[in-house]
Structures are given as C-alpha cells and as structure tokens.
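*Asks:* The structure is given below, and queries will be raised subsequently.
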Amino acid sequence: MHDVVQDYYGKQLQSSADLKTTACCDFTAMPEWLKPVLANIHAEVLSRYYGCGLVCPPLLEDCRVLDLGSGSGRDVYALAQLVGPNGEVVGVDMTDEQLAIAIEYQNYHSEKFGFDNVRFLKGYIEKLDELDLEPASFDVVVSNCVINLSPDKDAVIKSIKRLLKPGGEFYFSDVYADRRVPEAVKNDPVLYGECLGGALYWNDFIQLAKRHGFTDSRLVEDRPLEITDPVLAARCGNIKFFSATYRLFNLDDLESDCEDYGQAVIYRGSIADSPDSFVLDKHHDIQAGKVFPVCGNTWRMLHDTRLAPHFEFIGNFSRHYGIFEGCGVALPFDNGLIDGAPCC
C-alpha cells in the first residue's frame, strides 16, 4: 500500500479540494489562538495540507515533538511556533513531493519565526527505528489522519511507545470504523487514499494500544464522516466511519480499569486559552477552582505529566475503594443474599 499512498498524495491530489470524502476535513470553528499561527505559514504549504485541523495538545513550549506523516509541513511549522526557540519539531513523511514543499520553505519560515527549530526526515512511520531517533527522547508525538494509511499499525504504535519520554503523550487524530473493514474496501486504492480502506475497527485499536503499554486510551473528541462521492459510498455499504482524536500517555503504572482511591484534583485555571476549564478527554471537563473527583489513572495522567503544575492534587494511593463509579465497569455480584438462598 505504500505505492498507493505515495501516488495518491504525491500525484493524484494537488490540493485539499481534490479530496472525495470528509475524512480529512475539519468543520469545527478555528480557535482564535490558531489564526495568527497559520497566518505565518506559506500559502503553498497550506494548500497542500490534507489533515483534520491542527492536532496538538496544550502546553508545548520547550517540548520536543515528533509529527508522523508531516506532509507538506503545515503542522510542523505550526507546532514550531508553539514549542518556541528552545523546542524542536521533527517531521517524518515518505512522499517525495510533499517533503520537497516542506523543505523548500524551511528558510522562509525560520526567517518568519526568528528561529529554526524543525527537521524533516524521509521515512516510513512503521519503520521509525531506521531513522536514528533516540528512544525516550520526545515529549509529544502527534499524527494527523495518517496511521490508517500504514500497512503495519502494530509497528507504528510500538515505535511511538519506544520514542516517548516517561510521562510523554501521543496525541493524534485518525479514522476508525464501527466494524472490521472487509478486504474489498481495504484494497480499493481510492478508499485507501481517502483514509477509509485502512481504518481500524475502533475496538481493535484499543486492544492494539494496550498490547504496547498504552493501557488507558482517552477519547478527546469524535465526529461521523460523510462519504460525499456516491460511487465510493456504495462501495462502503453499511460501514460507518468516524474521525476521532485520542490521547495516550506513556505511563507504566496505569491500571486496566478506572479504580477509586478517593482522589481528586483542582484545576488552577492557568493553562493559556483554558481559563475556565480544562478538557482532558470527552468525559473529563474539569472546571477551574472546583474539587473534581478522579480515578487513579486520571490522577496519574495529570500528576505524572507536564500537566502537573496546573493542578492541585488531593489524596494518594494508600486506600482503595473499588471501581470508580460511572467508568463502564460495575460490580458483577448481587449486593445482598437472595431470601432463602444458602450461604454457601
């Protein structure tokens, strides 16, 4: 499938207007903080962008960031401004035409920003070990609708785990299906290039992440995808596709389920552009100044990462109270004896 992807993104697509589905389109309103960031990026780089909006977590200043499937470099140049002169952004892509544009405008952006903190490497995201990237050297890894294009997703996730620092984060958007995609869809070159043929069944992704040490995947946001081309829609049949953003933390002590240790956090309201609340994921919108009960995993995601200075932490792991209520797992047993039932 490498040849299919390289041809589709290197030759078939000349601009985002050539896309046939909404898989790589972002319909959300652009946040105000992003407008000046994108305004600094060359128009040619912007026109060859096929991703799902800028996919990045907050608090990137001074971080070392790896962008997988960096394409023409739009996200790399946006991230470069967010990490600042003391950070670094490394972009990896396999398509010569896309890399040529990214590198062509590197001097333009360094002059625009006042610093040069980016590198572009040609390579395959499932063969990151061939790129001489130091293990445990990145604070954040991002990718934008590209893992579905990889023929070996297992190798991609394994390499990301190896490259992240302890407490580091993989924050990414991708396409998922509500069922396993049949071979006829998977092998269709246009559907594959449109990020649908290679989409993982969502639960297969969760299990894949767990196998490589990302025990608790957190869904940040999602939306259904529309296949606007009627011919392609007919080929997909009843399969439903979704664009989803996940965050996976490199924390070895996370548990398989959300356990209750009586812990809580208080958000200080100190993250830029999030003064009133901080959204960790789809189910954790933490209001500033309010005591917010959390499970042990959420406590670690906030306490053992770069997010820690922005929270107060209540409790520890000295006492366990069972499963954290409302987290999808419940006590399987009856709470009392049935009348007349024997005790054994």
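Letters A, B, ... go to the chains of the structure tokens in the order shown; residues in each chain start at 1; ligands are counted from 1 in the same order.
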Mind dumping a table of every stretch 95-188 of chain A residue within 12 Å of stretch 57-73 of chain A, with the nearest atom pair and its distance in Å to one decimal, using only C-alpha atoms, sorted by chain and rising number, as JSON lines?

*Replies:*
{"residue": "A:Thr95", "atom": "CA", "partner": "A:Gly71", "partner_atom": "CA", "distance": 7.3}
{"residue": "A:Asp96", "atom": "CA", "partner": "A:Gly71", "partner_atom": "CA", "distance": 9.2}
{"residue": "A:Glu97", "atom": "CA", "partner": "A:Ser72", "partner_atom": "CA", "distance": 8.2}
{"residue": "A:Gln98", "atom": "CA", "partner": "A:Ser72", "partner_atom": "CA", "distance": 4.6}
{"residue": "A:Leu99", "atom": "CA", "partner": "A:Ser72", "partner_atom": "CA", "distance": 5.8}
{"residue": "A:Ala100", "atom": "CA", "partner": "A:Ser72", "partner_atom": "CA", "distance": 7.6}
{"residue": "A:Ile101", "atom": "CA", "partner": "A:Ser72", "partner_atom": "CA", "distance": 5.5}
{"residue": "A:Ala102", "atom": "CA", "partner": "A:Ser72", "partner_atom": "CA", "distance": 4.6}
{"residue": "A:Ile103", "atom": "CA", "partner": "A:Gly73", "partner_atom": "CA", "distance": 8.1}
{"residue": "A:Glu104", "atom": "CA", "partner": "A:Ser72", "partner_atom": "CA", "distance": 9.6}
{"residue": "A:Tyr105", "atom": "CA", "partner": "A:Gly73", "partner_atom": "CA", "distance": 9.0}
{"residue": "A:Gln106", "atom": "CA", "partner": "A:Gly73", "partner_atom": "CA", "distance": 9.0}
{"residue": "A:His109", "atom": "CA", "partner": "A:Gly73", "partner_atom": "CA", "distance": 10.6}
{"residue": "A:Asn117", "atom": "CA", "partner": "A:Arg64", "partner_atom": "CA", "distance": 9.7}
{"residue": "A:Val118", "atom": "CA", "partner": "A:Val65", "partner_atom": "CA", "distance": 9.6}
{"residue": "A:Arg119", "atom": "CA", "partner": "A:Leu66", "partner_atom": "CA", "distance": 9.7}
{"residue": "A:Phe120", "atom": "CA", "partner": "A:Ser70", "partner_atom": "CA", "distance": 8.2}
{"residue": "A:Leu121", "atom": "CA", "partner": "A:Ser70", "partner_atom": "CA", "distance": 9.3}
{"residue": "A:Lys122", "atom": "CA", "partner": "A:Gly69", "partner_atom": "CA", "distance": 9.7}
{"residue": "A:Gly123", "atom": "CA", "partner": "A:Gly69", "partner_atom": "CA", "distance": 9.2}
{"residue": "A:Tyr124", "atom": "CA", "partner": "A:Gly69", "partner_atom": "CA", "distance": 8.4}
{"residue": "A:Ile125", "atom": "CA", "partner": "A:Leu68", "partner_atom": "CA", "distance": 6.4}
{"residue": "A:Glu126", "atom": "CA", "partner": "A:Leu68", "partner_atom": "CA", "distance": 9.8}
{"residue": "A:Lys127", "atom": "CA", "partner": "A:Leu68", "partner_atom": "CA", "distance": 11.3}
{"residue": "A:Leu128", "atom": "CA", "partner": "A:Leu68", "partner_atom": "CA", "distance": 9.5}
{"residue": "A:Leu133", "atom": "CA", "partner": "A:Leu66", "partner_atom": "CA", "distance": 9.9}
{"residue": "A:Glu134", "atom": "CA", "partner": "A:Leu66", "partner_atom": "CA", "distance": 11.6}
{"residue": "A:Ala136", "atom": "CA", "partner": "A:Arg64", "partner_atom": "CA", "distance": 10.8}
{"residue": "A:Ser137", "atom": "CA", "partner": "A:Arg64", "partner_atom": "CA", "distance": 7.5}
{"residue": "A:Phe138", "atom": "CA", "partner": "A:Arg64", "partner_atom": "CA", "distance": 5.1}
{"residue": "A:Asp139", "atom": "CA", "partner": "A:Arg64", "partner_atom": "CA", "distance": 5.4}
{"residue": "A:Val140", "atom": "CA", "partner": "A:Val65", "partner_atom": "CA", "distance": 4.9}
{"residue": "A:Val141", "atom": "CA", "partner": "A:Leu66", "partner_atom": "CA", "distance": 4.7}
{"residue": "A:Val142", "atom": "CA", "partner": "A:Asp67", "partner_atom": "CA", "distance": 5.0}
{"residue": "A:Ser143", "atom": "CA", "partner": "A:Leu68", "partner_atom": "CA", "distance": 4.9}
{"residue": "A:Asn144", "atom": "CA", "partner": "A:Gly69", "partner_atom": "CA", "distance": 7.2}
{"residue": "A:Cys145", "atom": "CA", "partner": "A:Gly69", "partner_atom": "CA", "distance": 8.4}
{"residue": "A:Val146", "atom": "CA", "partner": "A:Gly69", "partner_atom": "CA", "distance": 5.9}
{"residue": "A:Ile147", "atom": "CA", "partner": "A:Gly69", "partner_atom": "CA", "distance": 8.3}
{"residue": "A:Asn148", "atom": "CA", "partner": "A:Gly69", "partner_atom": "CA", "distance": 10.9}
{"residue": "A:Leu149", "atom": "CA", "partner": "A:Gly69", "partner_atom": "CA", "distance": 9.5}
{"residue": "A:Ser150", "atom": "CA", "partner": "A:Gly69", "partner_atom": "CA", "distance": 10.0}
{"residue": "A:Val156", "atom": "CA", "partner": "A:Leu68", "partner_atom": "CA", "distance": 9.6}
{"residue": "A:Ile157", "atom": "CA", "partner": "A:Leu68", "partner_atom": "CA", "distance": 11.3}
{"residue": "A:Ser159", "atom": "CA", "partner": "A:Leu68", "partner_atom": "CA", "distance": 11.3}
{"residue": "A:Ile160", "atom": "CA", "partner": "A:Leu66", "partner_atom": "CA", "distance": 9.3}
{"residue": "A:Leu163", "atom": "CA", "partner": "A:Leu66", "partner_atom": "CA", "distance": 9.1}
{"residue": "A:Leu164", "atom": "CA", "partner": "A:Leu66", "partner_atom": "CA", "distance": 9.3}
{"residue": "A:Lys165", "atom": "CA", "partner": "A:Arg64", "partner_atom": "CA", "distance": 9.9}
{"residue": "A:Gly168", "atom": "CA", "partner": "A:Val65", "partner_atom": "CA", "distance": 10.0}
{"residue": "A:Glu169", "atom": "CA", "partner": "A:Pro57", "partner_atom": "CA", "distance": 8.8}
{"residue": "A:Phe170", "atom": "CA", "partner": "A:Pro57", "partner_atom": "CA", "distance": 9.3}
{"residue": "A:Tyr171", "atom": "CA", "partner": "A:Pro57", "partner_atom": "CA", "distance": 6.6}
{"residue": "A:Phe172", "atom": "CA", "partner": "A:Pro57", "partner_atom": "CA", "distance": 9.0}
{"residue": "A:Ser173", "atom": "CA", "partner": "A:Leu68", "partner_atom": "CA", "distance": 11.2}
{"residue": "A:Asp174", "atom": "CA", "partner": "A:Gly69", "partner_atom": "CA", "distance": 11.7}

*Asks:* Would you list the contacts of stretch 234-250 of chain A as JSON, numbers by chain, taking every protein, DNA or RNA residue within 8 Å and counting only C-alpha atoms, but skipping same-chain residues closer than 6 positions in sequence?

*Replies:* {"A": [23, 161, 164, 165, 166, 167, 168, 169, 170, 171, 172, 173, 174, 175, 176, 177, 178, 179, 181, 185, 196, 213, 214, 216, 217, 218, 219, 220, 221, 222, 223, 224, 225, 226, 281, 301]}

*Asks:* Restricted to C-alpha atoms, what would the selected residues look like written as a PDB file, in the first residue's frame?

*Replies:*
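Dumped to result-v1.pdb:
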ATOM      1  CA  ALA A  23     -12.328  12.187   6.336  1.00  0.00           C
ATOM      2  CA  LYS A 161       5.906   3.940  22.854  1.00  0.00           C
ATOM      3  CA  LEU A 164       8.180   8.825  24.112  1.00  0.00           C
ATOM      4  CA  LYS A 165       9.711  10.029  27.346  1.00  0.00           C
ATOM      5  CA  PRO A 166       8.155   8.708  30.581  1.00  0.00           C
ATOM      6  CA  GLY A 167       5.029  10.794  31.047  1.00  0.00           C
ATOM      7  CA  GLY A 168       5.080  11.743  27.373  1.00  0.00           C
ATOM      8  CA  GLU A 169       1.974  11.825  25.245  1.00  0.00           C
ATOM      9  CA  PHE A 170       0.775  10.527  21.900  1.00  0.00           C
ATOM     10  CA  TYR A 171      -1.970  12.936  20.759  1.00  0.00           C
ATOM     11  CA  PHE A 172      -3.475  12.141  17.377  1.00  0.00           C
ATOM     12  CA  SER A 173      -6.477  12.186  15.098  1.00  0.00           C
ATOM     13  CA  ASP A 174      -7.393   9.277  12.864  1.00  0.00           C
ATOM     14  CA  VAL A 175     -10.227   7.427  11.142  1.00  0.00           C
ATOM     15  CA  TYR A 176     -11.996   4.438  12.703  1.00  0.00           C
ATOM     16  CA  ALA A 177     -14.753   2.092  11.580  1.00  0.00           C
ATOM     17  CA  ASP A 178     -17.657   0.660  13.556  1.00  0.00           C
ATOM     18  CA  ARG A 179     -16.642  -2.826  12.360  1.00  0.00           C
ATOM     19  CA  VAL A 181     -13.268  -3.303   7.178  1.00  0.00           C
ATOM     20  CA  VAL A 185     -12.868  -1.904   0.830  1.00  0.00           C
ATOM     21  CA  LEU A 196     -11.175   4.782   4.798  1.00  0.00           C
ATOM     22  CA  GLY A 213       1.645  -0.396  27.030  1.00  0.00           C
ATOM     23  CA  PHE A 214      -0.936   2.332  26.399  1.00  0.00           C
ATOM     24  CA  ASP A 216      -5.940   3.585  29.114  1.00  0.00           C
ATOM     25  CA  SER A 217      -6.687   5.284  25.766  1.00  0.00           C
ATOM     26  CA  ARG A 218      -8.605   8.533  26.222  1.00  0.00           C
ATOM     27  CA  LEU A 219     -11.024   9.715  23.539  1.00  0.00           C
ATOM     28  CA  VAL A 220     -10.923  13.509  23.270  1.00  0.00           C
ATOM     29  CA  GLU A 221     -13.468  14.165  20.522  1.00  0.00           C
ATOM     30  CA  ASP A 222     -15.106  12.444  17.565  1.00  0.00           C
ATOM     31  CA  ARG A 223     -17.450  13.023  14.650  1.00  0.00           C
ATOM     32  CA  PRO A 224     -19.091  10.832  11.988  1.00  0.00           C
ATOM     33  CA  LEU A 225     -17.673  11.011   8.473  1.00  0.00           C
ATOM     34  CA  GLU A 226     -19.642  11.593   5.311  1.00  0.00           C
ATOM     35  CA  ASP A 281     -10.886  13.967  27.347  1.00  0.00           C
ATOM     36  CA  MET A 301      -2.285  11.449  33.801  1.00  0.00           C
TER      37      MET A 301
END

*Asks:* What are the DSSP helix (DSSP H, G or I) residues of stretch 196-333 of chain A, as a PyMOL selection string?

*Replies:* chain A and resi 202-211+230-236+296-303+308-310

*Asks:* Residues as selected, C-alpha atoms, written as an mmCIF file, in the first residue's frame, can you do that?

*Replies:*
data_model
loop_
_atom_site.group_PDB
_atom_site.id
_atom_site.type_symbol
_atom_site.label_atom_id
_atom_site.label_comp_id
_atom_site.auth_asym_id
_atom_site.auth_seq_id
_atom_site.Cartn_x
_atom_site.Cartn_y
_atom_site.Cartn_z
ATOM 1 C CA TRP A 202 -12.241 1.089 16.981
ATOM 2 C CA ASN A 203 -12.036 -1.781 19.479
ATOM 3 C CA ASP A 204 -9.115 -3.360 17.619
ATOM 4 C CA PHE A 205 -7.295 -0.051 18.069
ATOM 5 C CA ILE A 206 -7.971 -0.064 21.835
ATOM 6 C CA GLN A 207 -6.584 -3.588 22.153
ATOM 7 C CA LEU A 208 -3.581 -2.745 19.966
ATOM 8 C CA ALA A 209 -2.735 0.225 22.168
ATOM 9 C CA LYS A 210 -2.992 -1.937 25.296
ATOM 10 C CA ARG A 211 -0.603 -4.537 23.847
ATOM 11 C CA PRO A 230 -21.890 8.269 -4.287
ATOM 12 C CA VAL A 231 -19.755 5.644 -6.009
ATOM 13 C CA LEU A 232 -17.418 5.371 -3.013
ATOM 14 C CA ALA A 233 -20.353 5.388 -0.616
ATOM 15 C CA ALA A 234 -21.849 2.391 -2.420
ATOM 16 C CA ARG A 235 -18.556 0.505 -2.173
ATOM 17 C CA CYS A 236 -18.504 1.007 1.618
ATOM 18 C CA GLY A 296 -6.295 6.639 39.876
ATOM 19 C CA ASN A 297 -5.498 6.646 36.153
ATOM 20 C CA THR A 298 -6.740 10.202 35.626
ATOM 21 C CA TRP A 299 -4.815 11.303 38.724
ATOM 22 C CA ARG A 300 -1.601 9.894 37.231
ATOM 23 C CA MET A 301 -2.285 11.449 33.801
ATOM 24 C CA LEU A 302 -2.381 14.845 35.481
ATOM 25 C CA HIS A 303 0.179 14.314 38.264
ATOM 26 C CA ALA A 308 1.020 18.714 36.871
ATOM 27 C CA PRO A 309 1.883 22.398 37.619
ATOM 28 C CA HIS A 310 -1.641 23.413 36.657
#

*Asks:* Can you work out the spacing between atom CA of A:Asp285 and atom CA of A:Val37 in Å, to one decimal?

*Replies:* 25.6 Å

*Asks:* Mind giving me the straight-line distance from atom CA of A:Glu88 to atom CA of A:Arg74 in Å, one decimal?

*Replies:*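 If I compute the distance from atom CA of A:Glu88 to atom CA of A:Arg74, I get 14.9 Å.
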
*Asks:* Determine which residues of stretch 162-199 of chain A DSSP labels as strand (DSSP E or B) from the backbone of this structure, then write them out as a list in words.

*Replies:*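 The residues of stretch 162-199 of chain A classed as strand (DSSP E or B) are Leu164, Lys165, Pro166, Gly167, Gly168, Glu169, Phe170, Tyr171, Phe172, Ser173, Asp174, Val175, Tyr176 and Ala177 of chain A.
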
*Asks:* With only C-alpha atoms as the basis for distance, which of A:Val279, A:Val55, A:Tyr261, A:Asp75 is at the shortest distance from A:Asn316?

*Replies:* A:Tyr261

*Asks:* Would you pick out the contacts of A:Gly262 at 10 Å or less, using only C-alpha atoms, so that residues sharing its chain but fewer than 6 positions from it are not included, and give the list as a ChimeraX atom specification?

*Replies:* /A:293-296,314-322,324
